[in-house]
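Raw query.txt, compact mmCIF, C-alpha atoms and all ligand atoms:
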# COMPACT_ATOMS: atom_id res chain seq x y z
CA MET A 1 181.30 104.04 56.95
CA LEU A 2 182.37 100.81 58.62
CA LYS A 3 185.26 100.48 61.00
CA GLY A 4 188.41 99.47 59.15
CA LEU A 5 186.84 99.73 55.68
CA THR A 6 187.76 102.41 53.18
CA LEU A 7 185.20 103.05 50.46
CA ARG A 8 185.84 105.30 47.48
CA HIS A 9 182.17 106.27 47.44
CA LEU A 10 178.88 105.20 48.99
CA VAL A 11 177.37 102.87 46.36
CA LEU A 12 177.88 99.16 47.05
CA PRO A 13 176.36 96.19 45.26
CA GLY A 14 173.61 94.46 47.18
CA PRO A 15 174.22 90.73 47.69
CA GLY A 16 171.74 89.61 45.06
CA ALA A 17 171.64 88.23 41.54
CA ASN A 18 173.56 91.28 40.34
CA VAL A 19 176.72 89.74 41.85
CA GLY A 20 175.94 86.06 41.31
CA GLY A 21 179.59 85.04 41.01
CA ALA A 22 183.14 86.29 40.77
CA ALA A 23 182.76 87.33 37.13
CA ALA A 24 179.73 89.46 38.01
CA ALA A 25 181.56 90.94 40.99
CA GLU A 26 184.45 91.90 38.72
CA ALA A 27 182.02 93.51 36.27
CA ALA A 28 180.49 95.40 39.19
CA VAL A 29 183.86 96.79 40.22
CA ARG A 30 184.63 97.73 36.62
CA GLY A 31 181.21 99.39 36.58
CA GLY A 32 182.19 101.57 39.51
CA ALA A 33 181.03 99.64 42.59
CA ALA A 34 182.80 100.64 45.79
CA ALA A 35 183.36 97.05 46.95
CA VAL A 36 183.31 93.45 45.88
CA VAL A 37 180.09 92.06 47.30
CA LEU A 38 178.92 88.54 46.47
CA GLN A 39 175.46 87.08 46.30
CA THR A 40 174.45 85.39 49.54
CA VAL A 41 175.86 81.89 49.83
CA THR A 42 174.75 79.08 52.10
CA VAL A 43 175.73 75.54 52.93
CA ASN A 44 172.83 73.81 51.23
CA PRO A 45 171.00 76.12 48.82
CA GLY A 46 168.92 73.24 47.54
CA GLY A 47 167.33 72.89 50.97
CA LEU A 48 165.69 76.29 50.84
CA ALA A 49 162.07 76.00 49.80
CA GLY A 50 161.38 78.38 46.97
CA ALA A 51 164.73 80.11 47.30
CA ALA A 52 166.24 79.05 44.01
CA ALA A 53 165.25 81.33 41.24
CA GLY A 54 166.91 79.77 38.28
CA ALA A 55 170.49 79.70 37.14
CA GLY A 56 172.59 82.19 39.02
CA GLY A 57 169.69 83.09 41.25
CA ALA A 58 168.34 85.48 38.68
CA ALA A 59 166.21 88.32 39.96
CA ARG A 60 163.46 87.21 37.61
CA ALA A 61 162.66 90.68 36.44
CA GLY A 62 160.13 89.95 33.73
CA ALA A 63 159.43 86.42 34.99
CA ALA A 64 156.17 87.76 36.32
CA PRO A 65 153.81 90.28 34.81
CA ALA A 66 155.25 93.76 35.18
CA ARG A 67 153.50 95.78 37.86
CA ALA A 68 155.74 98.82 38.10
CA VAL A 69 158.72 100.23 36.27
CA GLY A 70 161.97 98.72 37.49
CA GLN A 71 160.28 96.28 39.86
CA SER A 72 161.68 92.81 40.28
CA PHE A 73 159.87 89.83 41.75
CA HIS A 74 161.71 86.94 43.35
CA ARG A 75 161.79 84.47 46.20
CA LEU A 76 164.82 85.75 48.08
CA PRO A 77 167.30 83.74 46.02
CA CYS A 78 170.79 82.84 47.13
CA SER A 79 173.73 81.47 45.18
CA PRO A 80 172.92 78.02 43.77
CA VAL A 81 176.52 76.97 44.46
CA PRO A 82 176.97 75.31 47.90
CA PHE A 83 179.52 76.98 50.18
CA GLU A 84 182.07 74.15 49.99
CA ALA A 85 182.25 74.46 46.23
CA TRP A 86 181.95 78.26 46.27
CA LEU A 87 184.76 79.04 48.71
CA PRO A 88 187.72 77.77 46.65
CA THR A 89 186.30 79.00 43.36
CA GLU A 90 184.01 82.05 43.42
CA PHE A 91 185.23 83.54 46.68
CA THR A 92 188.92 83.01 45.97
CA ALA A 93 188.55 84.65 42.57
CA ALA A 94 186.47 87.50 44.00
CA LEU A 95 189.00 88.18 46.74
CA ALA A 96 191.78 88.46 44.15
CA ILE A 97 189.61 90.89 42.16
CA ALA A 98 189.04 93.00 45.27
CA ARG A 99 192.72 93.07 46.16
CA ALA A 100 193.69 94.04 42.60
CA ALA A 101 191.10 96.82 42.56
CA GLY A 102 191.93 98.04 46.07
CA VAL A 103 188.36 97.67 47.31
CA PRO A 104 186.97 95.68 50.24
CA CYS A 105 185.72 92.12 49.73
CA ILE A 106 182.39 91.58 51.49
CA PRO A 107 180.77 88.13 51.07
CA SER A 108 177.22 87.51 52.25
CA ILE A 109 176.22 84.42 54.20
CA GLY A 110 172.98 82.84 55.41
CA TYR A 111 171.00 81.52 57.11
CA THR A 112 171.17 79.26 60.20
CA ARG A 113 173.33 79.70 63.26
CA ASP A 114 175.43 76.64 62.46
CA ASP A 115 175.88 77.65 58.86
CA VAL A 116 176.79 81.31 59.37
CA THR A 117 179.24 80.56 62.16
CA ALA A 118 180.98 77.84 60.15
CA MET A 119 181.09 79.93 56.98
CA GLY A 120 181.89 83.21 58.71
CA ARG A 121 184.93 81.87 60.52
CA ARG A 122 186.38 80.36 57.36
CA LEU A 123 185.73 83.48 55.32
CA ALA A 124 187.40 85.66 57.93
CA LEU A 125 190.44 83.35 57.88
CA ALA A 126 190.42 83.40 54.08
CA GLY A 127 190.68 87.19 53.97
CA ALA A 128 187.16 88.64 53.81
CA ASP A 129 187.14 92.27 54.94
CA ALA A 130 183.60 92.19 56.31
CA LEU A 131 180.59 89.85 56.31
CA ILE A 132 176.96 90.36 55.47
CA PHE A 133 174.67 88.14 57.54
CA ASP A 134 171.63 87.77 55.27
CA THR A 135 168.60 86.86 57.40
CA ALA A 136 166.17 86.37 54.49
CA HIS A 137 165.53 82.74 55.44
CA THR A 138 166.45 82.93 59.13
CA PRO A 139 163.62 82.53 61.65
CA THR A 140 163.37 85.78 63.57
CA ASP A 141 164.05 84.23 66.96
CA GLU A 142 167.25 82.64 65.61
CA ILE A 143 168.78 85.86 64.30
CA GLY A 144 170.03 87.04 67.71
CA PRO A 145 171.74 83.78 68.74
CA ALA A 146 173.27 83.34 65.27
CA LEU A 147 174.54 86.91 65.18
CA ALA A 148 175.97 86.71 68.70
CA SER A 149 177.77 83.46 67.88
CA LEU A 150 179.19 84.90 64.69
CA LYS A 151 180.32 88.05 66.50
CA ALA A 152 182.15 85.95 69.06
CA LEU A 153 184.05 84.12 66.33
CA VAL A 154 185.19 86.84 63.92
CA GLU A 155 186.82 90.22 64.32
CA ILE A 156 185.87 91.62 60.92
CA PRO A 157 182.77 93.83 60.75
CA ILE A 158 179.36 92.18 60.42
CA ILE A 159 176.56 93.83 58.45
CA LEU A 160 173.13 92.52 59.43
CA LEU A 161 170.79 92.41 56.43
CA ALA A 162 167.18 92.29 57.60
CA GLY A 163 163.75 93.13 56.26
CA PRO A 164 160.26 93.75 57.61
CA HIS A 165 159.06 90.21 56.84
CA HIS A 166 160.47 89.08 60.19
CA GLY A 167 157.34 90.35 61.84
CA GLU A 168 159.02 91.93 64.83
CA ASP A 169 159.24 95.68 64.51
CA LEU A 170 162.39 96.05 62.41
CA PRO A 171 163.84 99.15 64.11
CA ASP A 172 163.33 97.51 67.52
CA LEU A 173 164.92 94.29 66.26
CA CYS A 174 167.98 96.22 65.06
CA ALA A 175 168.24 98.13 68.35
CA ARG A 176 168.08 94.86 70.29
CA LEU A 177 170.82 93.31 68.14
CA GLU A 178 173.04 96.38 67.98
CA PRO A 179 175.66 95.00 70.43
CA PHE A 180 176.44 92.22 67.95
CA ALA A 181 176.26 94.06 64.61
CA ASP A 182 178.65 96.62 63.19
CA ALA A 183 176.16 97.92 60.64
CA PHE A 184 172.67 97.22 59.34
CA ALA A 185 171.47 96.88 55.74
CA LEU A 186 167.73 97.52 55.35
CA ILE A 187 165.55 96.15 53.70
CA GLY A 188 166.57 94.57 50.38
CA ALA A 189 163.10 93.38 49.44
CA PHE A 190 159.53 93.64 50.66
CA GLY A 191 157.05 90.84 51.11
CA PRO A 192 155.73 88.32 51.00
CA ILE A 193 153.45 89.69 48.35
CA LEU A 194 151.07 87.81 46.07
CA GLN A 195 151.37 88.28 42.35
CA ILE A 196 149.34 86.46 39.72
CA ASP A 197 149.22 86.51 35.96
CA PRO A 198 145.56 86.99 34.92
CA GLU A 199 146.36 85.33 31.58
CA ALA A 200 147.61 82.16 33.28
CA PRO A 201 146.52 82.18 36.91
CA ALA A 202 147.37 78.52 37.50
CA ALA A 203 150.98 79.15 36.44
CA SER A 204 151.27 82.42 38.34
CA PRO A 205 154.32 83.39 40.35
CA GLY A 206 152.32 83.36 43.58
CA LEU A 207 153.98 84.42 46.81
CA GLY A 208 157.27 86.22 46.56
CA PHE A 209 159.10 89.46 47.29
CA ILE A 210 159.43 92.66 45.35
CA ALA A 211 162.46 94.88 45.06
CA GLY A 212 163.40 97.95 43.11
CA PRO A 213 162.09 101.53 43.04
CA PRO A 214 158.53 100.65 44.20
CA ILE A 215 159.87 99.69 47.64
CA ARG A 216 162.12 102.72 48.12
CA PRO A 217 159.62 104.71 50.22
CA VAL A 218 159.10 101.61 52.40
CA MET A 219 162.86 101.21 52.78
CA GLN A 220 163.17 104.88 53.67
CA ARG A 221 160.66 104.61 56.47
CA PHE A 222 162.54 101.67 58.03
CA LEU A 223 165.87 103.39 57.44
CA PHE A 224 164.70 106.56 59.19
CA GLU A 225 163.06 104.78 62.11
CA THR A 226 166.07 102.51 62.62
CA ALA A 227 168.63 105.30 62.33
CA ARG A 228 166.67 107.05 65.09
CA LYS A 229 167.25 104.08 67.38
CA VAL A 230 170.76 102.77 66.66
CA SER A 231 174.17 104.38 66.64
CA LYS A 232 175.74 101.89 64.23
CA PRO A 233 175.76 102.71 60.48
CA VAL A 234 172.64 101.86 58.49
CA ILE A 235 172.95 101.03 54.78
CA ALA A 236 169.99 101.95 52.58
CA TYR A 237 169.08 98.94 50.43
CA GLY A 238 165.88 99.04 48.42
CA GLY A 239 165.14 100.81 45.17
CA ILE A 240 168.20 103.07 45.05
CA ALA A 241 168.51 103.94 41.36
CA THR A 242 169.71 107.56 41.08
CA GLY A 243 172.10 110.00 42.69
CA ALA A 244 169.15 111.87 44.18
CA ASP A 245 168.05 108.59 45.81
CA VAL A 246 171.46 108.42 47.50
CA ALA A 247 171.11 111.99 48.74
CA GLU A 248 167.65 111.24 50.13
CA ALA A 249 168.88 108.10 51.89
CA LEU A 250 171.80 109.95 53.45
CA MET A 251 169.50 112.71 54.71
CA LEU A 252 167.34 110.05 56.36
CA GLY A 253 170.30 108.56 58.20
CA ALA A 254 172.01 106.16 55.80
CA ALA A 255 175.77 105.81 55.94
CA ALA A 256 175.95 104.16 52.49
CA THR A 257 173.71 102.50 49.92
CA MET A 258 173.36 99.13 48.23
CA VAL A 259 172.08 98.56 44.70
CA THR A 260 170.70 95.39 43.15
CA THR A 261 167.68 95.91 40.89
CA ALA A 262 169.12 98.90 39.01
CA ALA A 263 172.23 96.86 38.24
CA VAL A 264 170.16 93.87 37.11
CA ALA A 265 168.04 96.07 34.88
CA GLN A 266 170.75 98.36 33.52
CA GLY A 267 173.96 96.37 33.88
CA PRO A 268 176.95 96.80 36.18
CA GLY A 269 177.59 100.37 35.05
CA ALA A 270 174.69 101.38 37.31
CA TYR A 271 176.92 101.59 40.40
CA GLY A 272 179.32 104.12 38.89
CA ARG A 273 176.50 106.05 37.26
CA ILE A 274 174.61 106.41 40.52
CA ALA A 275 177.78 107.43 42.39
CA ALA A 276 178.62 110.02 39.71
CA GLU A 277 175.06 111.33 39.78
CA PHE A 278 175.30 111.75 43.53
CA ASP A 279 178.56 113.73 43.18
CA GLN A 280 176.86 115.90 40.58
CA TRP A 281 173.82 116.32 42.84
CA LEU A 282 176.07 117.54 45.62
CA LEU A 283 177.79 120.06 43.34
CA GLU A 284 174.47 121.34 42.01
CA HIS A 285 173.33 121.90 45.58
CA GLY A 286 176.48 123.74 46.60
CA HIS A 287 178.13 120.93 48.54
CA THR A 288 181.61 119.52 48.15
CA HIS A 289 181.23 116.58 50.55
CA TYR A 290 178.44 114.19 51.36
CA ALA A 291 178.72 115.14 55.03
CA ALA A 292 176.80 118.31 54.14
CA VAL A 293 173.60 116.30 53.64
CA SER A 294 174.35 113.33 55.86
CA ARG A 295 171.59 112.84 58.44
CA ALA A 296 170.11 116.29 57.65
CA TYR A 297 166.50 115.11 57.95
CA LEU A 298 167.35 112.75 60.79
CA ARG A 299 168.96 115.56 62.80
CA LYS A 300 165.91 117.71 62.36
CA TYR A 301 163.23 115.13 63.00
CA GLY A 302 165.08 112.29 64.65
CA GLN A 303 164.26 113.12 68.25
CA GLY A 304 160.64 112.08 68.08
CA GLN A 305 159.19 115.33 66.76
CA ARG A 306 156.47 115.26 64.18
CA VAL A 307 158.01 114.53 60.82
CA ILE A 308 157.36 116.95 58.03
CA THR A 309 154.85 114.63 56.36
CA GLU A 310 152.46 115.28 59.22
CA LYS A 311 152.27 118.95 58.36
CA GLU A 312 149.58 120.20 56.05
CA GLU A 313 150.85 120.51 52.51
CA THR A 314 149.66 122.14 49.37
CA PRO A 315 150.71 121.71 45.75
CA TYR A 316 152.53 124.51 43.96
CA LEU A 317 153.36 125.02 40.31
CA VAL A 318 156.85 125.03 38.83
CA ALA A 319 155.79 127.14 35.85
CA GLU A 320 158.81 126.48 33.64
CA ALA A 321 158.14 122.73 33.77
CA CYS A 322 154.46 123.00 32.85
CA ILE A 323 153.46 121.98 29.31
CA THR A 324 149.86 123.22 29.81
CA CYS A 325 148.42 119.78 29.15
CA THR A 326 145.41 120.46 31.45
CA PHE A 327 145.68 116.99 33.00
CA CYS A 328 145.89 118.32 36.55
CA GLU A 329 142.45 119.96 36.24
CA THR A 330 141.06 116.63 35.00
CA VAL A 331 142.37 114.62 37.96
CA CYS A 332 141.45 117.13 40.69
CA PHE A 333 138.11 116.05 42.13
CA TYR A 334 137.95 119.05 44.45
CA ASP A 335 137.86 121.85 41.85
CA ALA A 336 141.08 123.26 43.21
CA ILE A 337 142.77 123.56 39.82
CA VAL A 338 141.73 125.53 36.78
CA ALA A 339 143.90 124.70 33.76
CA PRO A 340 142.50 125.98 30.46
CA PRO A 341 144.27 124.85 27.27
CA LYS A 342 147.60 126.61 26.58
CA THR A 343 147.37 128.39 29.91
CA LEU A 344 149.28 127.85 33.11
CA PRO A 345 147.06 126.27 35.78
CA THR A 346 145.76 128.23 38.73
CA LEU A 347 145.71 126.43 42.07
CA SER A 348 143.37 127.34 44.94
CA GLU A 349 144.52 126.37 48.41
CA GLU A 350 141.17 126.57 50.19
CA PRO A 351 139.31 123.77 48.29
CA CYS A 352 142.45 121.63 47.97
CA PHE A 353 142.08 118.38 49.89
CA GLN A 354 145.82 117.60 49.72
CA CYS A 355 145.06 114.29 48.07
CA GLY A 356 148.21 114.46 45.96
CA LEU A 357 146.59 113.23 42.75
CA CYS A 358 147.73 116.19 40.69
CA VAL A 359 151.30 115.90 41.96
CA SER A 360 151.34 112.21 41.07
CA ALA A 361 149.65 112.69 37.71
CA CYS A 362 151.55 115.65 36.29
CA PRO A 363 153.66 114.22 33.45
CA THR A 364 156.44 116.79 33.82
CA ASP A 365 156.82 117.03 37.60
CA ALA A 366 155.54 120.61 37.40
CA LEU A 367 153.40 120.18 40.53
CA ARG A 368 155.05 119.55 43.86
CA PHE A 369 154.00 119.63 47.47
CA ARG A 370 155.21 122.14 50.00
CA PRO A 371 154.07 122.65 53.60
CA ARG A 372 151.20 125.05 54.08
CA ASP A 373 152.76 126.47 57.21
CA GLU A 374 156.17 128.02 56.99
CA VAL A 375 158.82 125.53 58.09
CA THR A 376 162.53 125.84 58.54
CA LEU A 377 164.33 124.38 55.56
CA LEU A 378 166.75 121.58 56.24
CA SER A 379 169.72 123.70 55.26
CA GLU A 380 168.82 126.23 57.93
CA GLY A 381 169.33 125.85 61.63
CA GLU A 382 171.35 122.65 61.37
S1 LIG A 401 149.44 118.38 34.64
FE1 LIG A 401 151.43 119.38 34.95
S2 LIG A 401 152.12 119.93 32.90
FE2 LIG A 401 149.92 119.48 32.77
S3 LIG A 401 148.95 121.50 33.02
FE3 LIG A 401 149.02 120.56 35.03
S4 LIG A 401 150.93 121.35 35.91
FE4 LIG A 401 151.06 121.71 33.73
S1 LIG A 402 146.28 117.88 45.87
FE1 LIG A 402 144.32 116.92 45.26
S2 LIG A 402 142.78 118.42 45.89
FE2 LIG A 402 144.72 119.50 45.91
S3 LIG A 402 144.87 120.46 43.91
FE3 LIG A 402 145.92 118.46 43.75
S4 LIG A 402 144.35 117.04 43.02
FE4 LIG A 402 143.27 118.88 43.76
Rewrite the coordinates I just gave you, this time as structure tokens.
Ligand code: SF4
Ligand code: SF4
Amino acid sequence: MLKGLTLRHLVLPGPGANVGGAAAAEAAVRGGAAAVVLQTVTVNPGGLAGAAAGAGGAARAGAAPARAVGQSFHRLPCSPVPFEAWLPTEFTAALAIARAAGVPCIPSIGYTRDDVTAMGRRLALAGADALIFDTAHTPTDEIGPALASLKALVEIPIILLAGPHHGEDLPDLCARLEPFADAFALIGAFGPILQIDPEAPAASPGLGFIAGPPIRPVMQRFLFETARKVSKPVIAYGGIATGADVAEALMLGAAATMVTTAAVAQGPGAYGRIAAEFDQWLLEHGHTHYAAVSRAYLRKYGQGQRVITEKEETPYLVAEACITCTFCETVCFYDAIVAPPKTLPTLSEEPCFQCGLCVSACPTDALRFRPRDEVTLLSEGE
């Protein structure tokens, strides 16, 4: 995945509240994570407006009114422990854990040029196997100079963690910075968004970022567009929660994945579970190695052709999954579905407006989209 790094599988912790200290990193490794990753650290965490999110930089799932299953809302928190205190304690302990487990140790640092160069050099000397440069609080025009300075100082790989909030087109930003990065991690969180509590608007969370499954399609779009433009590995980071999510990310061009929200919500066993699910997914689809699906969609649509979502689609019924609840007929405003009680629905292609409501509403995933025109399946013609 990354030069000089050996990973036992493709599920890494993201550098968030899930790995808020050495003890959490150890739990992550015991839970099956492929590396020791630590929550982003900086020189003066107290100087970041709105960055602190409580003890340990908690993801604050539940601190705001729930808007979607598995969503977390936060303000891009970093470790509350300043780097000088963190290095001899949390990092030293985490490095020992990584060495004992035989996995890479990958600390995450932010955010200014002075800070990341000072911290990066010392971490490289102290034994870090790679660095994440977290740009969550880095002004966009400072990312390039900071990354170039860090690259000039350390020989270990640098993973650039960036999100769409920088304003500049993210794939173009990554392509411009490719000479100085060894890999990219996209996108971690999406925002800023505005979230209020209608019961207590004055005490509402206000501006912040969301992470978790709701942002996975957004992440996938940036992953795909960036993997089209760069040759360095891209790590999918945003809403990965299942083995199928890993497969999807790999098809779109990811070289590995990072997980935060699923581990916060479900505990550190999430890493191993997701990795095992991905292995099972491969077996169920007749593959013995992830290379069989790696970049499958990117190879097919990565040269600027129309992507499959631009083709006309139509829903079809997976009869064995249907519980004949009739809900699809209720939600179709175009009279394209007839679903009498206790009877399998009948779908008509001609009146269907391809709105997708029935596919979204079906409680058993018995309705799915497929292209109207015949297309070559990904497994063919690779
Ligand atoms: S909503 Fe789904 S389960 Fe219900 S009748 Fe339609 S296809 Fe079947
Ligand atoms: S996609 Fe929309 S128009 Fe077509 S059958 Fe489903 S609900 Fe009706």
(request) Name the residues within 7 Å of (186.8, 89.7, 58.4), counting all atoms listed in the file in the file's coordinates, and put them as JSON, numbers by chain. (result) {"A": [124, 127, 128, 129, 130, 131, 154, 155, 156, 157]}
(request) May I ask you to write as a PyMOL selection string all residues lying at most 6 Å from ligand LIG 401 (chain A), with all atoms listed in the file counted? (result) chain A and resi 322-328+345+362-364+366-367
(request) Write out as number ranges by chain each polymer residue (protein, DNA or RNA) that has an atom no more than 7 Å from ligand LIG 402 (chain A), with all atoms listed in the file counted. (result) A: 314-315, 328, 331-337, 347, 351-359
(request) Grab the CA of Ile158 (chain A) to CA of Gly144 (chain A) distance for me, in Å with one decimal place. (result) 12.9 Å
Let me have the centre and edge lengths in Å, one decimal, of the box along x, y and z around every listed atom of region 187-199 of chain A with 3 Å of margin on each side, as JSON.
{"center_x": 156.1, "center_y": 90.7, "center_z": 42.6, "size_x": 27.0, "size_y": 16.8, "size_z": 28.1}
(message) Taking all atoms listed in the file into account, name the residue in A:Ala236, A:Val318, A:Leu282, A:Ala202 that is nearest to Met219 (chain A).
(response) A:Ala236
(message) Within 10 Å of (185.1, 88.7, 40.4) in the file's own coordinates, which protein, DNA or RNA residues have an atom, counting only C-alpha atoms? List them as a PyMOL selection string.
(response) chain A and resi 19-30+36-38+90-98+105
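Of the residues listed (A:Thr40, A:Thr242, A:Thr261, A:Thr112), A:Thr40 shows the shortest atom-to-atom separation from Leu161 (chain A); distances use all atoms listed in the file.
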(request) Go through A:Gln266, A:Thr330, A:Thr257, A:Thr135 and flag the residue nearest Gly31 (chain A), using all atoms listed in the file for the distances. (result)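 Smallest separation from Gly31 (chain A) among the options: A:Gln266.
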(request) Could you please determine the separation between CA of Gly16 (chain A) and CA of Ala262 (chain A) in Å, to one decimal place? (result)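 Computing the Euclidean distance for CA of Gly16 (chain A) and CA of Ala262 (chain A) yields 11.4 Å.
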